[in-house]
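Structure first, then comments.
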Amino acid sequence: MIVNERIVAYINSLDRGNSPICNTIEKEAIEDDVPIIRKEMGNLLKVLLELKQPQSILEVGTAVGYSSILMSENMPEGCIIDTIENYDKRIPIARNNFKRAGKEDCIRLIEGDAMEVLKELEGPYDFIFMDAAKGQYINYLPEILRLMPKGGLLITDNILQEGELVESRYVVTRRDRTIHTRIREYVYELTHNDNLITSIVPIGDGITLSVKK
């Protein structure tokens, strides 16, 4: 954890909760050891959606659909979410959750490898949430930038890897060195790309907020 646990506990103690269906899906995901966004991330998404008032949302990494449903409950009327998932076991669960939430009309689940799907999308998406295979983010970025209009917002979750990102790659276990290197490359590109203004925010497991100039 990159933030003091007592601070996180205090922040989460103030959380007002979400809709009953979101609370149910969150509970089911935790019981099934499915990674979903943390409460702090969920609350930040709500604020960003209220500020941005997006017309179209792209999510890379559906999992069981929790974050898609949370965003759909806090986005403007008429907004559509396209969400990409490649894990066969989670796709039917996500589809069923969208049905349970009554969100089939505003959430479109696109099955397939994100890199291939991104190449086929036309966009634009003025609100993009990245929460998929972290080691692939650097490869996704050119397509993500193509799909973003001026003023578009890119949010990337779990970017600090429980604090390991600040460590030397030789301190990181050998099996994690590749992802460590790729995430560092991704964060460097976000913060040094002339087309983006990026802030690294140390909440949850670390996120980046990037606005396209």
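Chain labels follow the order of the structure tokens: the first chain is A, the next B, and so on; residue numbering restarts at 1 in every chain, and ligands are counted from 1 in their shown order.
Non-sequential neighbours of Gly206 in chain A (distance at most 6 Å, separation of 2 or more positions within a chain, only C-alpha atoms) are A:Asn158, A:Ile159, A:Leu160, A:Val201, A:Pro202, A:Ile203, A:Gly204.
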Please write the residues from the selection above to a file, keeping N, CA, C and O atoms, as a short mmCIF file (atom, residue, chain, number, x, y, z; two decimals), in the first residue's frame.
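Just written: result_20.cif:
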```
data_model
loop_
_atom_site.label_atom_id
_atom_site.label_comp_id
_atom_site.auth_asym_id
_atom_site.auth_seq_id
_atom_site.Cartn_x
_atom_site.Cartn_y
_atom_site.Cartn_z
N ASN A 158 -3.80 1.93 -10.83
CA ASN A 158 -2.78 0.99 -10.33
C ASN A 158 -1.43 1.20 -10.98
O ASN A 158 -0.77 0.26 -11.40
N ILE A 159 -0.99 2.44 -11.05
CA ILE A 159 0.20 2.77 -11.81
C ILE A 159 1.48 2.65 -10.99
O ILE A 159 2.58 2.58 -11.55
N LEU A 160 1.39 2.62 -9.66
CA LEU A 160 2.60 2.57 -8.84
C LEU A 160 2.93 1.18 -8.32
O LEU A 160 3.92 1.00 -7.61
N VAL A 201 -1.14 10.89 -9.18
CA VAL A 201 -1.87 11.10 -7.93
C VAL A 201 -1.72 9.86 -7.04
O VAL A 201 -2.15 8.77 -7.44
N PRO A 202 -1.12 9.99 -5.85
CA PRO A 202 -0.89 8.82 -5.00
C PRO A 202 -2.10 8.44 -4.15
O PRO A 202 -2.07 8.51 -2.91
N ILE A 203 -3.19 8.05 -4.80
CA ILE A 203 -4.31 7.47 -4.06
C ILE A 203 -4.47 6.03 -4.53
O ILE A 203 -4.05 5.67 -5.63
N GLY A 204 -5.10 5.20 -3.69
CA GLY A 204 -5.23 3.79 -4.03
C GLY A 204 -3.86 3.21 -4.26
O GLY A 204 -2.98 3.29 -3.41
#
```
In range 9-213 of chain A, DSSP helix (DSSP H, G or I) residues written as number ranges by chain:
A: 9-13, 20-31, 39-52, 66-72, 91-101, 114-120, 134-147, 161-166, 174-192
Using C-alpha atoms, can you write the selected residues to a file as a CSV table (one decimal), in the first residue's frame?
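Here's the written file out_21.csv:
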```
chain,number,residue,atom,x,y,z
A,9,ALA,CA,-9.4,3.7,6.6
A,10,TYR,CA,-10.5,7.2,7.6
A,11,ILE,CA,-11.3,8.2,4.0
A,12,ASN,CA,-13.3,5.0,3.4
A,13,SER,CA,-15.2,5.5,6.7
A,20,PRO,CA,-27.5,-1.6,-4.2
A,21,ILE,CA,-26.4,-3.4,-7.4
A,22,CYS,CA,-22.9,-1.9,-7.3
A,23,ASN,CA,-22.6,-2.8,-3.6
A,24,THR,CA,-23.7,-6.4,-4.5
A,25,ILE,CA,-21.3,-6.8,-7.4
A,26,GLU,CA,-18.5,-5.3,-5.3
A,27,LYS,CA,-19.2,-7.9,-2.5
A,28,GLU,CA,-19.3,-10.7,-5.1
A,29,ALA,CA,-16.1,-9.6,-6.7
A,30,ILE,CA,-14.3,-9.5,-3.4
A,31,GLU,CA,-15.5,-12.9,-2.4
A,39,LYS,CA,-13.4,2.8,-3.0
A,40,GLU,CA,-11.1,5.8,-3.3
A,41,MET,CA,-10.8,5.3,-7.1
A,42,GLY,CA,-14.5,4.9,-7.4
A,43,ASN,CA,-15.2,8.2,-5.6
A,44,LEU,CA,-12.6,10.0,-7.7
A,45,LEU,CA,-14.2,8.7,-10.9
A,46,LYS,CA,-17.6,10.1,-9.7
A,47,VAL,CA,-16.0,13.5,-9.2
A,48,LEU,CA,-14.2,13.4,-12.6
A,49,LEU,CA,-17.4,12.4,-14.4
A,50,GLU,CA,-19.3,15.3,-12.8
A,51,LEU,CA,-16.6,17.7,-13.8
A,52,LYS,CA,-16.0,16.4,-17.3
A,66,TYR,CA,-18.2,-3.1,-11.7
A,67,SER,CA,-16.5,0.1,-12.7
A,68,SER,CA,-18.5,0.3,-15.9
A,69,ILE,CA,-21.8,0.2,-14.0
A,70,LEU,CA,-20.4,2.7,-11.4
A,71,MET,CA,-19.5,5.1,-14.2
A,72,SER,CA,-22.9,4.6,-15.9
A,91,ILE,CA,-17.1,-11.8,-20.2
A,92,PRO,CA,-20.4,-13.6,-19.4
A,93,ILE,CA,-20.3,-12.5,-15.8
A,94,ALA,CA,-19.9,-8.9,-16.9
A,95,ARG,CA,-22.7,-9.2,-19.5
A,96,ASN,CA,-25.0,-10.6,-16.8
A,97,ASN,CA,-24.1,-7.8,-14.4
A,98,PHE,CA,-24.9,-5.2,-17.0
A,99,LYS,CA,-28.3,-6.9,-17.4
A,100,ARG,CA,-28.8,-7.0,-13.6
A,101,ALA,CA,-28.1,-3.3,-13.4
A,114,ALA,CA,-7.4,-4.6,-26.5
A,115,MET,CA,-4.7,-3.8,-28.9
A,116,GLU,CA,-6.6,-5.2,-31.8
A,117,VAL,CA,-9.9,-3.7,-30.7
A,118,LEU,CA,-8.4,-0.2,-30.2
A,119,LYS,CA,-7.1,-0.2,-33.8
A,120,GLU,CA,-10.7,-0.8,-35.0
A,134,LYS,CA,-0.4,-3.0,-17.1
A,135,GLY,CA,2.5,-4.2,-19.2
A,136,GLN,CA,0.6,-3.4,-22.4
A,137,TYR,CA,-0.2,0.3,-21.6
A,138,ILE,CA,2.8,1.6,-23.4
A,139,ASN,CA,1.7,-0.3,-26.5
A,140,TYR,CA,-1.9,0.9,-26.2
A,141,LEU,CA,-1.0,4.6,-25.8
A,142,PRO,CA,-0.6,5.6,-29.5
A,143,GLU,CA,-4.1,4.3,-30.2
A,144,ILE,CA,-5.5,5.8,-27.1
A,145,LEU,CA,-4.1,9.2,-28.1
A,146,ARG,CA,-5.6,8.8,-31.6
A,147,LEU,CA,-9.0,8.2,-30.0
A,161,GLN,CA,2.4,-1.2,-8.4
A,162,GLU,CA,2.2,-1.2,-4.6
A,163,GLY,CA,5.2,1.2,-4.5
A,164,GLU,CA,7.5,-1.2,-6.5
A,165,LEU,CA,7.7,1.3,-9.3
A,166,VAL,CA,10.1,3.5,-7.4
A,174,ARG,CA,12.8,-11.3,-11.8
A,175,ARG,CA,9.3,-12.3,-13.0
A,176,ASP,CA,8.1,-8.7,-12.4
A,177,ARG,CA,11.0,-6.9,-14.1
A,178,THR,CA,9.4,-6.6,-17.5
A,179,ILE,CA,6.1,-5.1,-16.3
A,180,HIS,CA,8.2,-2.8,-14.0
A,181,THR,CA,10.1,-1.5,-17.0
A,182,ARG,CA,7.1,-1.1,-19.2
A,183,ILE,CA,5.1,0.8,-16.6
A,184,ARG,CA,8.0,3.1,-16.0
A,185,GLU,CA,8.2,3.7,-19.8
A,186,TYR,CA,4.4,4.4,-19.8
A,187,VAL,CA,4.5,6.9,-16.9
A,188,TYR,CA,7.6,8.6,-18.5
A,189,GLU,CA,5.8,8.9,-21.8
A,190,LEU,CA,2.6,10.3,-20.2
A,191,THR,CA,4.6,12.9,-18.3
A,192,HIS,CA,6.9,13.9,-21.2
```
From the DSSP assignment of the backbone, select every residue of range 11-200 of chain A that is strand (DSSP E), and format the answer as a ChimeraX atom specification.
/A:56-60,80-85,107-111,127-130,153-156,196-200
Polymer residues at most 9 Å from Val60 in chain A, only C-alpha atoms, same-chain spacing of 2 or more positions, as a list in words
Leu58, Thr62, Asp82, Thr83, Ile84, Glu85, Ala114, Ile128, Phe129, Met130, Asp131, Ala132 and Ala133 of chain A
Could you turn the residues from that selection into a file that holds N, CA and C atoms, as an mmCIF file, in the first residue's frame?
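Full text of selection-v1.cif as output:
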```cif
data_model
loop_
_atom_site.group_PDB
_atom_site.id
_atom_site.type_symbol
_atom_site.label_atom_id
_atom_site.label_comp_id
_atom_site.auth_asym_id
_atom_site.auth_seq_id
_atom_site.Cartn_x
_atom_site.Cartn_y
_atom_site.Cartn_z
ATOM 1 N N LEU A 58 -14.559 5.340 -22.838
ATOM 2 C CA LEU A 58 -13.909 4.090 -23.210
ATOM 3 C C LEU A 58 -13.228 3.523 -21.972
ATOM 4 N N THR A 62 -12.659 -4.626 -18.577
ATOM 5 C CA THR A 62 -14.007 -4.672 -17.995
ATOM 6 C C THR A 62 -14.055 -5.432 -16.689
ATOM 7 N N ASP A 82 -18.093 2.256 -23.980
ATOM 8 C CA ASP A 82 -17.548 1.082 -24.656
ATOM 9 C C ASP A 82 -16.486 0.503 -23.741
ATOM 10 N N THR A 83 -16.592 -0.775 -23.425
ATOM 11 C CA THR A 83 -15.637 -1.393 -22.509
ATOM 12 C C THR A 83 -15.088 -2.675 -23.134
ATOM 13 N N ILE A 84 -13.782 -2.873 -23.019
ATOM 14 C CA ILE A 84 -13.082 -3.960 -23.703
ATOM 15 C C ILE A 84 -12.633 -5.014 -22.701
ATOM 16 N N GLU A 85 -12.898 -6.288 -23.025
ATOM 17 C CA GLU A 85 -12.455 -7.394 -22.159
ATOM 18 C C GLU A 85 -12.072 -8.595 -23.019
ATOM 19 N N ALA A 114 -7.300 -6.100 -26.470
ATOM 20 C CA ALA A 114 -7.448 -4.646 -26.464
ATOM 21 C C ALA A 114 -6.672 -3.969 -27.589
ATOM 22 N N ILE A 128 -11.443 8.342 -20.886
ATOM 23 C CA ILE A 128 -10.899 6.994 -21.062
ATOM 24 C C ILE A 128 -10.347 6.500 -19.729
ATOM 25 N N PHE A 129 -10.753 5.298 -19.356
ATOM 26 C CA PHE A 129 -10.302 4.686 -18.108
ATOM 27 C C PHE A 129 -9.537 3.413 -18.434
ATOM 28 N N MET A 130 -8.262 3.399 -18.081
ATOM 29 C CA MET A 130 -7.386 2.253 -18.347
ATOM 30 C C MET A 130 -7.174 1.456 -17.072
ATOM 31 N N ASP A 131 -7.563 0.180 -17.114
ATOM 32 C CA ASP A 131 -7.390 -0.689 -15.952
ATOM 33 C C ASP A 131 -7.324 -2.135 -16.442
ATOM 34 N N ALA A 132 -6.307 -2.422 -17.256
ATOM 35 C CA ALA A 132 -6.191 -3.747 -17.861
ATOM 36 C C ALA A 132 -4.781 -4.286 -17.635
ATOM 37 N N ALA A 133 -4.208 -4.938 -18.651
ATOM 38 C CA ALA A 133 -2.864 -5.511 -18.540
ATOM 39 C C ALA A 133 -1.833 -4.390 -18.504
#
```
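You can rank A:Asp88, A:Glu104, A:Asp15, A:Glu122 by their closest distance to Ser56 in chain A using only C-alpha atoms, and at the top of that list sits A:Glu122.
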To one decimal place, how far is CA of Arg38 in chain A from CA of Leu121 in chain A in Å?
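Computed distance, CA of Arg38 in chain A to CA of Leu121 in chain A, equals 28.2 Å.
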Using only C-alpha atoms, the residue out of A:Arg108, A:Asp157, A:Ser199, A:Gly78 with shortest distance to Gly65 in chain A is A:Arg108
